[in-house]
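Chemist: Structure supplied as start.cif; contents: mmCIF, C-alpha atoms.
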data_start
#
loop_
_atom_site.group_PDB
_atom_site.id
_atom_site.type_symbol
_atom_site.label_atom_id
_atom_site.label_comp_id
_atom_site.auth_asym_id
_atom_site.auth_seq_id
_atom_site.Cartn_x
_atom_site.Cartn_y
_atom_site.Cartn_z
ATOM 1 C CA MET A 22 0.000 0.000 0.000
ATOM 2 C CA GLU A 23 1.437 3.345 -1.056
ATOM 3 C CA LYS A 24 1.825 5.928 1.671
ATOM 4 C CA ILE A 25 -0.015 9.210 0.993
ATOM 5 C CA LYS A 26 2.264 12.223 1.135
ATOM 6 C CA LYS A 27 1.497 15.103 3.447
ATOM 7 C CA VAL A 28 2.752 18.513 2.344
ATOM 8 C CA ALA A 29 3.150 21.748 4.289
ATOM 9 C CA PHE A 30 4.233 25.256 3.348
ATOM 10 C CA ILE A 31 5.466 27.615 6.059
ATOM 11 C CA THR A 32 6.807 31.147 6.009
ATOM 12 C CA GLY A 33 9.568 32.010 8.443
ATOM 13 C CA GLY A 34 10.761 28.418 8.692
ATOM 14 C CA THR A 35 14.474 29.111 9.110
ATOM 15 C CA SER A 36 14.511 30.280 12.725
ATOM 16 C CA GLY A 37 12.581 30.608 15.979
ATOM 17 C CA LEU A 38 9.034 29.275 16.146
ATOM 18 C CA GLY A 39 8.998 28.571 12.408
ATOM 19 C CA LEU A 40 12.043 26.301 12.581
ATOM 20 C CA CYS A 41 10.508 24.445 15.550
ATOM 21 C CA VAL A 42 7.337 23.898 13.515
ATOM 22 C CA VAL A 43 9.363 22.637 10.536
ATOM 23 C CA LYS A 44 11.125 20.129 12.821
ATOM 24 C CA LYS A 45 7.783 18.885 14.145
ATOM 25 C CA LEU A 46 6.300 18.616 10.648
ATOM 26 C CA VAL A 47 9.273 16.507 9.544
ATOM 27 C CA GLN A 48 8.774 14.261 12.607
ATOM 28 C CA LEU A 49 5.143 13.887 11.512
ATOM 29 C CA ASP A 50 6.382 12.801 8.059
ATOM 30 C CA TYR A 51 5.422 15.937 6.129
ATOM 31 C CA ASP A 52 7.310 17.190 3.128
ATOM 32 C CA VAL A 53 7.903 20.855 3.981
ATOM 33 C CA VAL A 54 8.472 23.860 1.746
ATOM 34 C CA SER A 55 9.609 27.136 3.269
ATOM 35 C CA VAL A 56 10.851 30.470 2.006
ATOM 36 C CA SER A 57 13.471 32.871 3.313
ATOM 37 C CA ARG A 58 15.314 35.925 2.001
ATOM 38 C CA ASP A 59 18.488 34.997 3.824
ATOM 39 C CA LYS A 60 20.796 32.416 2.179
ATOM 40 C CA LYS A 61 22.807 32.051 5.378
ATOM 41 C CA LYS A 62 19.689 31.252 7.446
ATOM 42 C CA ILE A 63 18.617 28.725 4.816
ATOM 43 C CA ARG A 64 22.019 26.990 4.989
ATOM 44 C CA GLU A 65 21.973 26.962 8.795
ATOM 45 C CA ALA A 66 18.418 25.573 8.892
ATOM 46 C CA GLN A 67 19.294 22.880 6.341
ATOM 47 C CA GLU A 68 22.325 21.854 8.398
ATOM 48 C CA GLN A 69 20.286 21.758 11.587
ATOM 49 C CA LEU A 70 17.411 19.821 10.012
ATOM 50 C CA ASN A 71 19.584 17.451 7.971
ATOM 51 C CA SER A 72 16.491 16.200 6.122
ATOM 52 C CA ASP A 73 15.594 15.619 2.506
ATOM 53 C CA LYS A 74 11.967 16.315 3.446
ATOM 54 C CA VAL A 75 12.503 20.097 3.626
ATOM 55 C CA PHE A 76 12.911 22.337 0.583
ATOM 56 C CA PHE A 77 13.785 26.007 0.972
ATOM 57 C CA ILE A 78 13.074 28.632 -1.650
ATOM 58 C CA GLN A 79 15.096 31.795 -1.422
ATOM 59 C CA GLY A 80 13.026 34.933 -1.898
ATOM 60 C CA ASP A 81 11.254 37.841 -0.283
ATOM 61 C CA ILE A 82 7.760 36.729 0.695
ATOM 62 C CA THR A 83 6.477 40.310 0.255
ATOM 63 C CA ASP A 84 7.251 39.935 -3.466
ATOM 64 C CA GLU A 85 4.328 38.333 -5.299
ATOM 65 C CA GLN A 86 6.780 36.555 -7.630
ATOM 66 C CA THR A 87 8.170 34.659 -4.635
ATOM 67 C CA ILE A 88 4.649 33.506 -3.751
ATOM 68 C CA GLU A 89 4.213 32.447 -7.390
ATOM 69 C CA ASN A 90 7.513 30.514 -7.224
ATOM 70 C CA VAL A 91 6.338 28.672 -4.105
ATOM 71 C CA TYR A 92 3.020 27.873 -5.774
ATOM 72 C CA GLN A 93 4.755 26.567 -8.897
ATOM 73 C CA HIS A 94 7.058 24.372 -6.823
ATOM 74 C CA LEU A 95 4.144 22.907 -4.848
ATOM 75 C CA PHE A 96 2.077 22.427 -8.003
ATOM 76 C CA ASN A 97 4.886 20.775 -9.972
ATOM 77 C CA GLU A 98 6.219 18.630 -7.129
ATOM 78 C CA TYR A 99 2.967 17.564 -5.415
ATOM 79 C CA GLY A 100 -0.148 19.029 -7.050
ATOM 80 C CA PHE A 101 -1.616 19.920 -3.653
ATOM 81 C CA VAL A 102 -0.767 21.265 -0.198
ATOM 82 C CA ASN A 103 -2.271 20.089 3.104
ATOM 83 C CA VAL A 104 -1.076 22.801 5.443
ATOM 84 C CA VAL A 105 -0.261 26.474 4.853
ATOM 85 C CA ILE A 106 1.298 28.218 7.835
ATOM 86 C CA ASN A 107 1.665 31.994 7.725
ATOM 87 C CA ASN A 108 4.261 32.397 10.438
ATOM 88 C CA VAL A 109 6.340 35.379 9.349
ATOM 89 C CA GLY A 110 5.576 38.707 11.014
ATOM 90 C CA ILE A 111 7.209 41.981 11.937
ATOM 91 C CA ILE A 112 6.929 44.488 14.759
ATOM 92 C CA GLU A 113 7.780 48.062 13.934
ATOM 93 C CA GLY A 114 7.038 51.541 15.156
ATOM 94 C CA GLY A 115 5.402 52.375 18.421
ATOM 95 C CA GLY A 116 2.377 54.386 19.454
ATOM 96 C CA ILE A 117 0.394 56.753 17.257
ATOM 97 C CA GLU A 118 2.822 59.594 17.921
ATOM 98 C CA ASP A 119 5.865 57.517 17.048
ATOM 99 C CA ILE A 120 4.959 55.404 14.032
ATOM 100 C CA SER A 121 5.428 56.634 10.484
ATOM 101 C CA LEU A 122 3.002 55.853 7.691
ATOM 102 C CA GLU A 123 5.764 53.860 5.972
ATOM 103 C CA ALA A 124 6.255 51.673 9.067
ATOM 104 C CA TRP A 125 2.474 51.210 9.402
ATOM 105 C CA LYS A 126 2.293 50.057 5.770
ATOM 106 C CA ARG A 127 5.266 47.656 6.154
ATOM 107 C CA VAL A 128 3.722 45.996 9.204
ATOM 108 C CA PHE A 129 0.375 45.535 7.454
ATOM 109 C CA GLN A 130 2.129 44.346 4.278
ATOM 110 C CA VAL A 131 3.941 41.537 6.094
ATOM 111 C CA ASN A 132 1.389 40.686 8.785
ATOM 112 C CA VAL A 133 -1.873 40.929 6.802
ATOM 113 C CA HIS A 134 -1.402 41.382 3.045
ATOM 114 C CA VAL A 135 1.181 38.600 2.625
ATOM 115 C CA PRO A 136 -0.961 35.964 4.406
ATOM 116 C CA PHE A 137 -3.948 37.073 2.288
ATOM 117 C CA LEU A 138 -1.941 36.740 -0.937
ATOM 118 C CA ILE A 139 -0.539 33.354 0.084
ATOM 119 C CA ILE A 140 -3.954 31.953 1.003
ATOM 120 C CA LYS A 141 -5.527 33.304 -2.174
ATOM 121 C CA LYS A 142 -2.735 31.809 -4.291
ATOM 122 C CA MET A 143 -2.677 28.429 -2.501
ATOM 123 C CA LEU A 144 -6.452 27.978 -2.407
ATOM 124 C CA TRP A 145 -6.611 25.685 -5.429
ATOM 125 C CA LEU A 146 -3.820 23.485 -4.029
ATOM 126 C CA LEU A 147 -5.534 23.364 -0.623
ATOM 127 C CA LYS A 148 -8.812 22.286 -2.239
ATOM 128 C CA ARG A 149 -6.989 19.430 -4.031
ATOM 129 C CA ALA A 150 -5.707 17.969 -0.760
ATOM 130 C CA GLU A 151 -7.527 15.137 0.982
ATOM 131 C CA SER A 152 -7.527 17.291 4.106
ATOM 132 C CA ALA A 153 -6.221 20.823 4.463
ATOM 133 C CA CYS A 154 -5.831 23.691 6.858
ATOM 134 C CA VAL A 155 -4.434 27.201 7.049
ATOM 135 C CA ILE A 156 -2.702 28.372 10.205
ATOM 136 C CA ASN A 157 -2.127 32.088 10.646
ATOM 137 C CA VAL A 158 0.235 32.778 13.523
ATOM 138 C CA SER A 159 -1.150 35.686 15.512
ATOM 139 C CA SER A 160 -0.373 37.210 18.879
ATOM 140 C CA ILE A 161 -1.964 38.062 22.194
ATOM 141 C CA ALA A 162 -1.298 41.637 21.042
ATOM 142 C CA SER A 163 -4.411 41.287 18.865
ATOM 143 C CA LYS A 164 -6.510 41.049 22.025
ATOM 144 C CA ILE A 165 -4.807 43.396 24.451
ATOM 145 C CA THR A 166 -3.269 46.776 23.860
ATOM 146 C CA GLY A 167 0.468 47.148 23.820
ATOM 147 C CA ASP A 168 3.070 49.675 22.836
ATOM 148 C CA CYS A 169 3.063 48.896 19.109
ATOM 149 C CA LEU A 170 -0.100 50.154 17.457
ATOM 150 C CA ALA A 171 0.541 48.724 13.984
ATOM 151 C CA TYR A 172 1.485 45.271 15.243
ATOM 152 C CA SER A 173 -1.604 44.982 17.462
ATOM 153 C CA ALA A 174 -3.913 46.272 14.735
ATOM 154 C CA SER A 175 -2.375 43.992 12.086
ATOM 155 C CA LYS A 176 -2.689 40.888 14.265
ATOM 156 C CA ALA A 177 -6.325 41.759 15.039
ATOM 157 C CA ALA A 178 -6.936 42.045 11.287
ATOM 158 C CA LEU A 179 -5.221 38.679 10.768
ATOM 159 C CA ASP A 180 -7.460 37.106 13.424
ATOM 160 C CA MET A 181 -10.628 38.329 11.710
ATOM 161 C CA MET A 182 -9.345 37.259 8.305
ATOM 162 C CA THR A 183 -8.700 33.790 9.763
ATOM 163 C CA LYS A 184 -12.227 33.544 11.187
ATOM 164 C CA SER A 185 -13.765 34.690 7.898
ATOM 165 C CA LEU A 186 -11.628 32.221 5.947
ATOM 166 C CA ALA A 187 -12.614 29.359 8.253
ATOM 167 C CA LYS A 188 -16.285 30.089 7.648
ATOM 168 C CA ALA A 189 -15.839 30.369 3.877
ATOM 169 C CA MET A 190 -13.676 27.246 3.564
ATOM 170 C CA SER A 191 -15.756 25.000 5.843
ATOM 171 C CA LYS A 192 -17.891 23.925 2.884
ATOM 172 C CA TYR A 193 -14.923 22.108 1.368
ATOM 173 C CA TYR A 194 -14.103 19.867 4.334
#
Just give me the structure of the file as structure tokens.

Modeler:
Amino acid sequence: MEKIKKVAFITGGTSGLGLCVVKKLVQLDYDVVSVSRDKKKIREAQEQLNSDKVFFIQGDITDEQTIENVYQHLFNEYGFVNVVINNVGIIEGGGIEDISLEAWKRVFQVNVHVPFLIIKKMLWLLKRAESACVINVSSIASKITGDCLAYSASKAALDMMTKSLAKAMSKYY
């Protein structure tokens, strides 16, 4: 009997929480695809993981072409994806008096727009999987106020997007 592959895509999989998740996914016998801008971090993660079940794509996840490259790799290699984990996030700025419009936009770009674009792009691959889920890594900062206005607001937006997506996607599973 042929074993059914399980495939995951995660952003921010070269360090911190993301790397821990990649390790766990490998233990659970997933093939994992991740993306990072930093060649050095990719090399270090590959050395630490020492697994042929993890494939890193170098690129900036805020660039739509990088998302397209990930999609093409998943499509060509597997034809589906079971798990999409939007883990990457940034904290920048401070309170309303401190944060610039540019910083506000960067935080929302990474923390809200990128997960939206990834989910939208991966939707067809998710629907082709026998079972699928999207995990958007948020923060307690979405629920309680802190010192970083943009971060808290972006994580609250991500939470609501996740709830809306869950409702919309429930008809498929």

Chemist: Go ahead and compute the interatomic distance for CA of Ala29 (chain A) and CA of Gln48 (chain A), in Å to one decimal.

Modeler: 12.5 Å

Chemist: Taking the file as shown, what set of residues would the PyMOL selection byres ((chain A and resi 115-118) around 10) give back, as a short mmCIF file (atom, residue, chain, number, x, y, z; two decimals) with C-alpha atoms, in the coordinates of the input?

Modeler:
data_model
loop_
_atom_site.label_atom_id
_atom_site.label_comp_id
_atom_site.auth_asym_id
_atom_site.auth_seq_id
_atom_site.Cartn_x
_atom_site.Cartn_y
_atom_site.Cartn_z
CA ILE A 112 6.93 44.49 14.76
CA GLU A 113 7.78 48.06 13.93
CA GLY A 114 7.04 51.54 15.16
CA ASP A 119 5.86 57.52 17.05
CA ILE A 120 4.96 55.40 14.03
CA SER A 121 5.43 56.63 10.48
CA LEU A 122 3.00 55.85 7.69
CA ALA A 124 6.26 51.67 9.07
CA TRP A 125 2.47 51.21 9.40
CA GLY A 167 0.47 47.15 23.82
CA ASP A 168 3.07 49.68 22.84
CA CYS A 169 3.06 48.90 19.11
CA LEU A 170 -0.10 50.15 17.46
CA ALA A 171 0.54 48.72 13.98
CA TYR A 172 1.48 45.27 15.24
#

Chemist: What is the distance between CA of Phe30 (chain A) and CA of Ala174 (chain A), in Å to one decimal?

Modeler: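 Separation between CA of Phe30 (chain A) and CA of Ala174 (chain A): 25.3 Å.
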
Chemist: Kindly give the distance, in Å, that separates CA of Ser152 (chain A) and CA of Ser57 (chain A), rounded to a single decimal.

Modeler: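 Between CA of Ser152 (chain A) and CA of Ser57 (chain A) the gap works out to 26.2 Å.
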
Chemist: Name all residues at most 12 Å from region 62-72 of chain A (count all atoms listed in the file; drop same-chain ones fewer than 3 positions away) and give them as a PyMOL selection string.

Modeler: chain A and resi 33-37+39-48+50-59+75-80

Chemist: Taking the file above as input, evaluate the PyMOL selection byres ((chain A and resi 133) around 12) and report the hits as number ranges by chain.

Modeler: A: 83, 107-111, 125-132, 134-140, 157-159, 171-183

Chemist: Write a file of the just-selected residues containing C-alpha atoms, as a compact mmCIF listing (two decimals), in the coordinates of the input.

Modeler:
# COMPACT_ATOMS: atom_id res chain seq x y z
CA THR A 83 6.48 40.31 0.26
CA ASN A 107 1.66 31.99 7.72
CA ASN A 108 4.26 32.40 10.44
CA VAL A 109 6.34 35.38 9.35
CA GLY A 110 5.58 38.71 11.01
CA ILE A 111 7.21 41.98 11.94
CA TRP A 125 2.47 51.21 9.40
CA LYS A 126 2.29 50.06 5.77
CA ARG A 127 5.27 47.66 6.15
CA VAL A 128 3.72 46.00 9.20
CA PHE A 129 0.38 45.54 7.45
CA GLN A 130 2.13 44.35 4.28
CA VAL A 131 3.94 41.54 6.09
CA ASN A 132 1.39 40.69 8.78
CA HIS A 134 -1.40 41.38 3.04
CA VAL A 135 1.18 38.60 2.62
CA PRO A 136 -0.96 35.96 4.41
CA PHE A 137 -3.95 37.07 2.29
CA LEU A 138 -1.94 36.74 -0.94
CA ILE A 139 -0.54 33.35 0.08
CA ILE A 140 -3.95 31.95 1.00
CA ASN A 157 -2.13 32.09 10.65
CA VAL A 158 0.24 32.78 13.52
CA SER A 159 -1.15 35.69 15.51
CA ALA A 171 0.54 48.72 13.98
CA TYR A 172 1.48 45.27 15.24
CA SER A 173 -1.60 44.98 17.46
CA ALA A 174 -3.91 46.27 14.74
CA SER A 175 -2.38 43.99 12.09
CA LYS A 176 -2.69 40.89 14.26
CA ALA A 177 -6.32 41.76 15.04
CA ALA A 178 -6.94 42.04 11.29
CA LEU A 179 -5.22 38.68 10.77
CA ASP A 180 -7.46 37.11 13.42
CA MET A 181 -10.63 38.33 11.71
CA MET A 182 -9.35 37.26 8.30
CA THR A 183 -8.70 33.79 9.76

Chemist: Taking the file as shown, find all residues satisfying the PyMOL selection byres ((chain A and resi 94-103) around 8) and write them as a ChimeraX atom specification.

Modeler: /A:27-30,54,90-93,104-105,143,145-154
